[in-house]
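Working notes, beginning with the structure itself.
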Amino acid sequence: MRQHQMAGGARKAVFAPVDGGARVHAVVRRIGDAIELGLLSDGEQLPGETELAGQLGVSTVTLREALMALRQQGLVVTRRGRGGGSFVSSPEVPDRERLTARLRGWSPEELRDLGDHWAALSGTAAELAAQRTEDHDLDQLRRTTEELRGAPDAAARSRVYGRFHVELAAAAQSARLTREQVALQTEIGALLCLVLGDDEYREEVADRHRSVISAVQDGAHTSAREQAERCVRDSTARLIALRLAL
């Protein structure tokens, strides 16, 4: 299986120091979200305990507790001996029946509110990226867009779709926006499987992503924001329509 190499900005956000408070929970949430979104690839080896604890700004004891919780969730496996360490174990995507049941748990109003938050994050990220990036900074976004075109099924498409928006936030050079986008995508990402099975819509999303990249490349920050928001709002509208049809 070809592993996705996460873009530098997104990787920095995943492995940036966690906030204070319940640090074990914060580490579990940060790494678990990144795994479920596909930012950390199935089979990828995590940094060693000392290095990872240092990156996250926690003690090795806290990190070990977090890794234990991730193992219990089936998101990390640990191998002993030479060549051992902690490795990512990507979760299986729920089948359509379970995803539909999950969608029923959201009211149309809650989905609209979630979509508003998503549009605000992605729109702001696109606007900032148009002001701050150089052309070569957009290479990962271009690769992700092309990966979406070739993604074979709805599950793969939803992961790539979500990753595009995380990488857009990374292109805005905002670690906080990137972390917010990661957390949001773990809420809505799986639900997008329900609308991305349609090949025509997959192509439409890819076209919208290319439009966002083009506007960012041109420094057209207002257009970049509008294109990103339009993409998000259309996906949200499709989820709301599906929810109302249940």
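Please note that chains go A, B, ... in the order of the structure tokens, that every chain numbers its residues from 1, and that ligands are numbered from 1 in the order shown.
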
From a backbone DSSP assignment, name each residue in segment 23-216 of chain A labelled strand (DSSP E or B), as an mmCIF file with all heavy atoms, in the first residue's frame.
data_model
loop_
_atom_site.group_PDB
_atom_site.id
_atom_site.type_symbol
_atom_site.label_atom_id
_atom_site.label_comp_id
_atom_site.auth_asym_id
_atom_site.auth_seq_id
_atom_site.Cartn_x
_atom_site.Cartn_y
_atom_site.Cartn_z
ATOM 1 N N GLN A 45 5.553 4.311 11.023
ATOM 2 C CA GLN A 45 6.138 4.254 12.357
ATOM 3 C C GLN A 45 6.150 5.638 12.992
ATOM 4 O O GLN A 45 6.586 6.613 12.379
ATOM 5 C CB GLN A 45 7.567 3.703 12.309
ATOM 6 C CG GLN A 45 8.186 3.527 13.693
ATOM 7 C CD GLN A 45 9.528 2.820 13.653
ATOM 8 O OE1 GLN A 45 10.084 2.582 12.580
ATOM 9 N NE2 GLN A 45 10.050 2.476 14.810
ATOM 10 N N VAL A 76 -3.050 2.060 17.165
ATOM 11 C CA VAL A 76 -1.592 1.916 17.213
ATOM 12 C C VAL A 76 -1.263 0.487 17.618
ATOM 13 O O VAL A 76 -1.957 -0.102 18.456
ATOM 14 C CB VAL A 76 -0.970 2.919 18.227
ATOM 15 C CG1 VAL A 76 0.485 2.558 18.546
ATOM 16 C CG2 VAL A 76 -1.044 4.336 17.700
ATOM 17 N N VAL A 77 -0.242 -0.072 17.000
ATOM 18 C CA VAL A 77 0.280 -1.370 17.413
ATOM 19 C C VAL A 77 1.747 -1.181 17.774
ATOM 20 O O VAL A 77 2.445 -0.363 17.181
ATOM 21 C CB VAL A 77 0.137 -2.440 16.307
ATOM 22 C CG1 VAL A 77 -1.324 -2.724 16.024
ATOM 23 C CG2 VAL A 77 0.852 -2.017 15.030
ATOM 24 N N THR A 78 2.207 -1.940 18.767
ATOM 25 C CA THR A 78 3.589 -1.854 19.216
ATOM 26 C C THR A 78 4.290 -3.170 18.948
ATOM 27 O O THR A 78 3.765 -4.241 19.274
ATOM 28 C CB THR A 78 3.661 -1.513 20.716
ATOM 29 O OG1 THR A 78 3.032 -0.239 20.941
ATOM 30 C CG2 THR A 78 5.111 -1.425 21.182
ATOM 31 N N ARG A 79 5.466 -3.072 18.340
ATOM 32 C CA ARG A 79 6.273 -4.255 18.054
ATOM 33 C C ARG A 79 7.559 -4.164 18.844
ATOM 34 O O ARG A 79 8.195 -3.107 18.894
ATOM 35 C CB ARG A 79 6.579 -4.344 16.559
ATOM 36 C CG ARG A 79 5.326 -4.405 15.686
ATOM 37 C CD ARG A 79 5.663 -4.276 14.217
ATOM 38 N NE ARG A 79 4.466 -4.008 13.427
ATOM 39 C CZ ARG A 79 4.477 -3.459 12.223
ATOM 40 N NH1 ARG A 79 5.630 -3.116 11.647
ATOM 41 N NH2 ARG A 79 3.348 -3.243 11.569
ATOM 42 N N GLY A 85 8.807 -0.678 17.626
ATOM 43 C CA GLY A 85 8.325 0.676 17.883
ATOM 44 C C GLY A 85 6.813 0.713 17.814
ATOM 45 O O GLY A 85 6.152 -0.335 17.825
ATOM 46 N N SER A 86 6.263 1.907 17.750
ATOM 47 C CA SER A 86 4.816 2.084 17.642
ATOM 48 C C SER A 86 4.453 2.430 16.205
ATOM 49 O O SER A 86 5.055 3.321 15.607
ATOM 50 C CB SER A 86 4.341 3.200 18.584
ATOM 51 O OG SER A 86 4.548 2.832 19.932
ATOM 52 N N PHE A 87 3.457 1.724 15.666
ATOM 53 C CA PHE A 87 3.076 1.875 14.272
ATOM 54 C C PHE A 87 1.584 2.178 14.158
ATOM 55 O O PHE A 87 0.770 1.681 14.941
ATOM 56 C CB PHE A 87 3.397 0.596 13.482
ATOM 57 C CG PHE A 87 4.859 0.264 13.438
ATOM 58 C CD1 PHE A 87 5.461 -0.404 14.495
ATOM 59 C CD2 PHE A 87 5.638 0.625 12.352
ATOM 60 C CE1 PHE A 87 6.822 -0.710 14.466
ATOM 61 C CE2 PHE A 87 6.997 0.327 12.306
ATOM 62 C CZ PHE A 87 7.588 -0.337 13.371
ATOM 63 N N VAL A 88 1.240 2.967 13.165
ATOM 64 C CA VAL A 88 -0.148 3.352 12.916
ATOM 65 C C VAL A 88 -0.945 2.154 12.394
ATOM 66 O O VAL A 88 -0.469 1.386 11.556
ATOM 67 C CB VAL A 88 -0.214 4.500 11.888
ATOM 68 C CG1 VAL A 88 -1.659 4.772 11.449
ATOM 69 C CG2 VAL A 88 0.426 5.752 12.466
#

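The neighbours of Leu121 of chain A here are the residues that come within 10 Å of it, using only C-alpha atoms and leaving out any residue fewer than 4 positions away in the same chain; they are Gly115, Asp116, His117, Ala125, Ala126, His165, Val166, Leu168, Ala169, Leu177, Thr178, Glu180, Gln181, Leu184, Arg225, Ala228, Glu229 and Val232 of chain A.
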
Exercise. Given the choices A:Asp199, A:Glu147, A:Trp118, A:Pro152, which gets closest to Cys231 of chain A if the distance is worked out from only C-alpha atoms?
Worked result: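 Between A:Asp199, A:Glu147, A:Trp118, A:Pro152, the residue approaching Cys231 of chain A most closely is A:Trp118.
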
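Residue nearest Asp207 of chain A, chosen from A:Asp19, A:Glu97, A:Glu146, A:Asp33 and counting only C-alpha atoms: A:Glu146.
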
Among segment 56-167 of chain A, which residues carry a DSSP assignment of helix (DSSP H, G or I), reported as an mmCIF file with N, CA and C atoms, in the first residue's frame?
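Produced file part.cif, reproduced below:
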data_model
loop_
_atom_site.group_PDB
_atom_site.id
_atom_site.type_symbol
_atom_site.label_atom_id
_atom_site.label_comp_id
_atom_site.auth_asym_id
_atom_site.auth_seq_id
_atom_site.Cartn_x
_atom_site.Cartn_y
_atom_site.Cartn_z
ATOM 1 N N LEU A 56 5.684 16.732 21.493
ATOM 2 C CA LEU A 56 4.349 17.049 21.994
ATOM 3 C C LEU A 56 4.395 17.850 23.299
ATOM 4 N N THR A 60 7.432 11.393 29.169
ATOM 5 C CA THR A 60 7.371 10.057 28.568
ATOM 6 C C THR A 60 6.297 9.209 29.251
ATOM 7 N N VAL A 61 6.058 9.459 30.544
ATOM 8 C CA VAL A 61 4.998 8.720 31.253
ATOM 9 C C VAL A 61 3.634 9.045 30.634
ATOM 10 N N THR A 62 3.387 10.335 30.389
ATOM 11 C CA THR A 62 2.127 10.740 29.758
ATOM 12 C C THR A 62 1.997 10.128 28.374
ATOM 13 N N LEU A 63 3.096 10.161 27.606
ATOM 14 C CA LEU A 63 3.050 9.607 26.261
ATOM 15 C C LEU A 63 2.747 8.115 26.292
ATOM 16 N N ARG A 64 3.379 7.388 27.207
ATOM 17 C CA ARG A 64 3.146 5.942 27.279
ATOM 18 C C ARG A 64 1.690 5.641 27.614
ATOM 19 N N GLU A 65 1.094 6.438 28.506
ATOM 20 C CA GLU A 65 -0.326 6.247 28.824
ATOM 21 C C GLU A 65 -1.183 6.505 27.583
ATOM 22 N N ALA A 66 -0.828 7.536 26.816
ATOM 23 C CA ALA A 66 -1.584 7.852 25.604
ATOM 24 C C ALA A 66 -1.446 6.740 24.571
ATOM 25 N N LEU A 67 -0.236 6.229 24.395
ATOM 26 C CA LEU A 67 -0.029 5.150 23.431
ATOM 27 C C LEU A 67 -0.795 3.894 23.851
ATOM 28 N N MET A 68 -0.875 3.650 25.154
ATOM 29 C CA MET A 68 -1.651 2.503 25.638
ATOM 30 C C MET A 68 -3.126 2.659 25.270
ATOM 31 N N ALA A 69 -3.645 3.886 25.448
ATOM 32 C CA ALA A 69 -5.042 4.138 25.092
ATOM 33 C C ALA A 69 -5.260 3.977 23.589
ATOM 34 N N LEU A 70 -4.304 4.438 22.781
ATOM 35 C CA LEU A 70 -4.414 4.308 21.327
ATOM 36 C C LEU A 70 -4.351 2.839 20.909
ATOM 37 N N ARG A 71 -3.537 2.051 21.618
ATOM 38 C CA ARG A 71 -3.503 0.604 21.320
ATOM 39 C C ARG A 71 -4.841 -0.041 21.651
ATOM 40 N N GLN A 72 -5.432 0.363 22.762
ATOM 41 C CA GLN A 72 -6.733 -0.192 23.146
ATOM 42 C C GLN A 72 -7.816 0.158 22.133
ATOM 43 N N ARG A 96 -22.020 1.550 5.107
ATOM 44 C CA ARG A 96 -23.000 2.613 4.830
ATOM 45 C C ARG A 96 -24.135 2.623 5.843
ATOM 46 N N GLU A 97 -24.550 1.460 6.307
ATOM 47 C CA GLU A 97 -25.650 1.411 7.272
ATOM 48 C C GLU A 97 -25.258 2.109 8.573
ATOM 49 N N ARG A 98 -24.028 1.868 9.043
ATOM 50 C CA ARG A 98 -23.566 2.511 10.274
ATOM 51 C C ARG A 98 -23.364 4.013 10.062
ATOM 52 N N LEU A 99 -22.881 4.398 8.877
ATOM 53 C CA LEU A 99 -22.706 5.819 8.593
ATOM 54 C C LEU A 99 -24.052 6.533 8.539
ATOM 55 N N THR A 100 -25.045 5.858 7.960
ATOM 56 C CA THR A 100 -26.383 6.443 7.896
ATOM 57 C C THR A 100 -26.949 6.613 9.304
ATOM 58 N N ALA A 101 -26.709 5.610 10.159
ATOM 59 C CA ALA A 101 -27.158 5.726 11.551
ATOM 60 C C ALA A 101 -26.454 6.883 12.249
ATOM 61 N N ARG A 102 -25.179 7.095 11.930
ATOM 62 C CA ARG A 102 -24.433 8.215 12.516
ATOM 63 C C ARG A 102 -25.011 9.546 12.023
ATOM 64 N N LEU A 103 -25.375 9.589 10.739
ATOM 65 C CA LEU A 103 -25.950 10.822 10.191
ATOM 66 C C LEU A 103 -27.270 11.147 10.868
ATOM 67 N N ARG A 104 -28.060 10.114 11.192
ATOM 68 C CA ARG A 104 -29.341 10.350 11.875
ATOM 69 C C ARG A 104 -29.134 11.028 13.227
ATOM 70 N N PRO A 108 -30.544 18.524 11.116
ATOM 71 C CA PRO A 108 -30.156 19.431 10.022
ATOM 72 C C PRO A 108 -29.535 20.727 10.527
ATOM 73 N N GLU A 109 -30.053 21.220 11.662
ATOM 74 C CA GLU A 109 -29.509 22.461 12.225
ATOM 75 C C GLU A 109 -28.067 22.267 12.689
ATOM 76 N N GLU A 110 -27.799 21.128 13.300
ATOM 77 C CA GLU A 110 -26.430 20.847 13.753
ATOM 78 C C GLU A 110 -25.482 20.692 12.571
ATOM 79 N N LEU A 111 -25.944 20.054 11.511
ATOM 80 C CA LEU A 111 -25.116 19.911 10.315
ATOM 81 C C LEU A 111 -24.838 21.274 9.688
ATOM 82 N N ARG A 112 -25.837 22.136 9.652
ATOM 83 C CA ARG A 112 -25.637 23.481 9.100
ATOM 84 C C ARG A 112 -24.620 24.252 9.939
ATOM 85 N N ASP A 113 -24.722 24.117 11.254
ATOM 86 C CA ASP A 113 -23.791 24.808 12.145
ATOM 87 C C ASP A 113 -22.365 24.284 11.948
ATOM 88 N N LEU A 114 -22.242 22.971 11.807
ATOM 89 C CA LEU A 114 -20.930 22.380 11.550
ATOM 90 C C LEU A 114 -20.371 22.862 10.220
ATOM 91 N N GLY A 115 -21.254 22.940 9.205
ATOM 92 C CA GLY A 115 -20.835 23.436 7.896
ATOM 93 C C GLY A 115 -20.389 24.885 7.944
ATOM 94 N N ASP A 116 -21.069 25.698 8.764
ATOM 95 C CA ASP A 116 -20.667 27.096 8.915
ATOM 96 C C ASP A 116 -19.258 27.190 9.500
ATOM 97 N N HIS A 117 -18.998 26.357 10.495
ATOM 98 C CA HIS A 117 -17.669 26.359 11.125
ATOM 99 C C HIS A 117 -16.612 25.920 10.118
ATOM 100 N N TRP A 118 -16.923 24.873 9.375
ATOM 101 C CA TRP A 118 -15.992 24.354 8.365
ATOM 102 C C TRP A 118 -15.719 25.414 7.289
ATOM 103 N N ALA A 119 -16.776 26.063 6.812
ATOM 104 C CA ALA A 119 -16.602 27.090 5.783
ATOM 105 C C ALA A 119 -15.754 28.249 6.300
ATOM 106 N N ALA A 120 -15.959 28.617 7.561
ATOM 107 C CA ALA A 120 -15.169 29.706 8.141
ATOM 108 C C ALA A 120 -13.694 29.324 8.210
ATOM 109 N N LEU A 121 -13.412 28.090 8.639
ATOM 110 C CA LEU A 121 -12.026 27.641 8.732
ATOM 111 C C LEU A 121 -11.363 27.577 7.359
ATOM 112 N N SER A 122 -12.029 26.919 6.415
ATOM 113 C CA SER A 122 -11.430 26.731 5.097
ATOM 114 C C SER A 122 -11.350 28.032 4.315
ATOM 115 N N GLY A 123 -12.382 28.865 4.451
ATOM 116 C CA GLY A 123 -12.348 30.149 3.768
ATOM 117 C C GLY A 123 -11.211 31.026 4.269
ATOM 118 N N THR A 124 -11.052 31.078 5.582
ATOM 119 C CA THR A 124 -9.965 31.859 6.165
ATOM 120 C C THR A 124 -8.612 31.297 5.748
ATOM 121 N N ALA A 125 -8.486 29.971 5.772
ATOM 122 C CA ALA A 125 -7.222 29.341 5.378
ATOM 123 C C ALA A 125 -6.870 29.672 3.934
ATOM 124 N N ALA A 126 -7.851 29.599 3.051
ATOM 125 C CA ALA A 126 -7.600 29.895 1.635
ATOM 126 C C ALA A 126 -7.184 31.352 1.449
ATOM 127 N N GLU A 127 -7.860 32.252 2.152
ATOM 128 C CA GLU A 127 -7.531 33.678 2.034
ATOM 129 C C GLU A 127 -6.107 33.947 2.519
ATOM 130 N N LEU A 128 -5.739 33.370 3.657
ATOM 131 C CA LEU A 128 -4.395 33.565 4.195
ATOM 132 C C LEU A 128 -3.336 32.917 3.312
ATOM 133 N N ALA A 129 -3.661 31.727 2.787
ATOM 134 C CA ALA A 129 -2.705 31.037 1.915
ATOM 135 C C ALA A 129 -2.412 31.879 0.680
ATOM 136 N N ALA A 130 -3.448 32.533 0.145
ATOM 137 C CA ALA A 130 -3.260 33.375 -1.044
ATOM 138 C C ALA A 130 -2.344 34.556 -0.745
ATOM 139 N N GLN A 131 -2.294 34.959 0.501
ATOM 140 C CA GLN A 131 -1.451 36.094 0.890
ATOM 141 C C GLN A 131 -0.035 35.680 1.273
ATOM 142 N N ARG A 132 0.126 34.402 1.663
ATOM 143 C CA ARG A 132 1.389 34.012 2.299
ATOM 144 C C ARG A 132 2.230 32.999 1.542
ATOM 145 N N ASP A 135 4.550 29.554 -4.916
ATOM 146 C CA ASP A 135 3.987 28.526 -5.793
ATOM 147 C C ASP A 135 4.376 27.118 -5.364
ATOM 148 N N HIS A 136 5.642 26.937 -4.960
ATOM 149 C CA HIS A 136 6.087 25.586 -4.601
ATOM 150 C C HIS A 136 5.414 25.084 -3.322
ATOM 151 N N ASP A 137 4.863 26.013 -2.514
ATOM 152 C CA ASP A 137 4.160 25.607 -1.299
ATOM 153 C C ASP A 137 2.845 24.893 -1.614
ATOM 154 N N LEU A 138 2.404 24.982 -2.861
ATOM 155 C CA LEU A 138 1.110 24.404 -3.245
ATOM 156 C C LEU A 138 1.249 23.024 -3.868
ATOM 157 N N ASP A 139 2.473 22.508 -3.951
ATOM 158 C CA ASP A 139 2.691 21.216 -4.605
ATOM 159 C C ASP A 139 1.909 20.095 -3.933
ATOM 160 N N GLN A 140 1.885 20.087 -2.588
ATOM 161 C CA GLN A 140 1.169 19.022 -1.891
ATOM 162 C C GLN A 140 -0.330 19.106 -2.139
ATOM 163 N N LEU A 141 -0.871 20.316 -2.180
ATOM 164 C CA LEU A 141 -2.295 20.475 -2.485
ATOM 165 C C LEU A 141 -2.613 19.965 -3.889
ATOM 166 N N ARG A 142 -1.719 20.218 -4.825
ATOM 167 C CA ARG A 142 -1.938 19.723 -6.197
ATOM 168 C C ARG A 142 -1.923 18.195 -6.214
ATOM 169 N N ARG A 143 -0.977 17.597 -5.508
ATOM 170 C CA ARG A 143 -0.900 16.129 -5.485
ATOM 171 C C ARG A 143 -2.154 15.533 -4.838
ATOM 172 N N THR A 144 -2.623 16.173 -3.778
ATOM 173 C CA THR A 144 -3.816 15.674 -3.103
ATOM 174 C C THR A 144 -5.041 15.767 -4.005
ATOM 175 N N THR A 145 -5.142 16.842 -4.769
ATOM 176 C CA THR A 145 -6.267 16.993 -5.699
ATOM 177 C C THR A 145 -6.249 15.910 -6.762
ATOM 178 N N GLU A 146 -5.069 15.604 -7.282
ATOM 179 C CA GLU A 146 -4.970 14.537 -8.275
ATOM 180 C C GLU A 146 -5.249 13.174 -7.651
ATOM 181 N N GLU A 147 -4.877 13.018 -6.389
ATOM 182 C CA GLU A 147 -5.174 11.762 -5.691
ATOM 183 C C GLU A 147 -6.675 11.578 -5.537
ATOM 184 N N LEU A 148 -7.389 12.678 -5.309
ATOM 185 C CA LEU A 148 -8.847 12.591 -5.205
ATOM 186 C C LEU A 148 -9.443 12.074 -6.506
ATOM 187 N N ARG A 149 -8.932 12.539 -7.632
ATOM 188 C CA ARG A 149 -9.446 12.095 -8.932
ATOM 189 C C ARG A 149 -9.285 10.589 -9.107
ATOM 190 N N GLY A 150 -8.235 10.027 -8.524
ATOM 191 C CA GLY A 150 -7.992 8.602 -8.698
ATOM 192 C C GLY A 150 -8.448 7.729 -7.550
ATOM 193 N N ALA A 154 -15.586 5.635 -1.930
ATOM 194 C CA ALA A 154 -16.028 6.786 -1.135
ATOM 195 C C ALA A 154 -15.175 6.988 0.106
ATOM 196 N N ALA A 155 -14.737 5.899 0.731
ATOM 197 C CA ALA A 155 -13.924 6.024 1.943
ATOM 198 C C ALA A 155 -12.604 6.714 1.640
ATOM 199 N N ALA A 156 -11.937 6.275 0.585
ATOM 200 C CA ALA A 156 -10.661 6.896 0.202
ATOM 201 C C ALA A 156 -10.882 8.353 -0.194
ATOM 202 N N ARG A 157 -11.962 8.623 -0.898
ATOM 203 C CA ARG A 157 -12.243 9.996 -1.332
ATOM 204 C C ARG A 157 -12.482 10.914 -0.145
ATOM 205 N N SER A 158 -13.203 10.433 0.870
ATOM 206 C CA SER A 158 -13.487 11.291 2.026
ATOM 207 C C SER A 158 -12.212 11.617 2.787
ATOM 208 N N ARG A 159 -11.297 10.652 2.893
ATOM 209 C CA ARG A 159 -10.029 10.931 3.576
ATOM 210 C C ARG A 159 -9.209 11.958 2.809
ATOM 211 N N VAL A 160 -9.156 11.808 1.476
ATOM 212 C CA VAL A 160 -8.372 12.738 0.666
ATOM 213 C C VAL A 160 -9.018 14.124 0.687
ATOM 214 N N TYR A 161 -10.342 14.159 0.616
ATOM 215 C CA TYR A 161 -11.073 15.429 0.663
ATOM 216 C C TYR A 161 -10.741 16.171 1.956
ATOM 217 N N GLY A 162 -10.848 15.474 3.075
ATOM 218 C CA GLY A 162 -10.541 16.093 4.354
ATOM 219 C C GLY A 162 -9.091 16.535 4.441
ATOM 220 N N ARG A 163 -8.207 15.717 3.897
ATOM 221 C CA ARG A 163 -6.781 16.045 3.949
ATOM 222 C C ARG A 163 -6.475 17.309 3.149
ATOM 223 N N PHE A 164 -7.193 17.518 2.054
ATOM 224 C CA PHE A 164 -7.003 18.734 1.273
ATOM 225 C C PHE A 164 -7.236 19.969 2.143
ATOM 226 N N HIS A 165 -8.297 19.943 2.926
ATOM 227 C CA HIS A 165 -8.627 21.115 3.736
ATOM 228 C C HIS A 165 -7.637 21.299 4.885
ATOM 229 N N VAL A 166 -7.107 20.195 5.407
ATOM 230 C CA VAL A 166 -6.051 20.304 6.420
ATOM 231 C C VAL A 166 -4.794 20.909 5.801
ATOM 232 N N GLU A 167 -4.442 20.433 4.612
ATOM 233 C CA GLU A 167 -3.242 20.945 3.952
ATOM 234 C C GLU A 167 -3.414 22.393 3.502
#

Inset, instruction - Name all residues at most 10 Å from Arg238 of chain A (count only C-alpha atoms; drop same-chain ones fewer than 6 positions away) and give them as a count of residues only. - result: 5

Long-range neighbours of Gly57 of chain A as a PyMOL selection string, 12 Å cut-off, only C-alpha atoms, 4 positions minimum in chain:
chain A and resi 15-20+23-24+26-27+49-53+61-63

From atom CA of Val14 of chain A to atom CA of Gly32 of chain A the spacing works out at 10.0 Å

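Interatomic distance, atom CA of Ser59 of chain A to atom CA of Ala170 of chain A: 26.6 Å.
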
Of A:Gln185, A:Pro47, A:Arg80, A:Leu75, the one sitting nearest Val28 of chain A when using only C-alpha atoms is A:Leu75

What is the atom CA of Glu134 of chain A-atom CA of Lys12 of chain A distance in Å, reported with one decimal?
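The value is 18.5 Å.
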
Residue among A:Val58, A:Trp106, A:Arg11, A:Gln73 lying closest to Leu46 of chain A, counting only C-alpha atoms
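Answer, going by the shortest atom-to-atom distance: A:Arg11.
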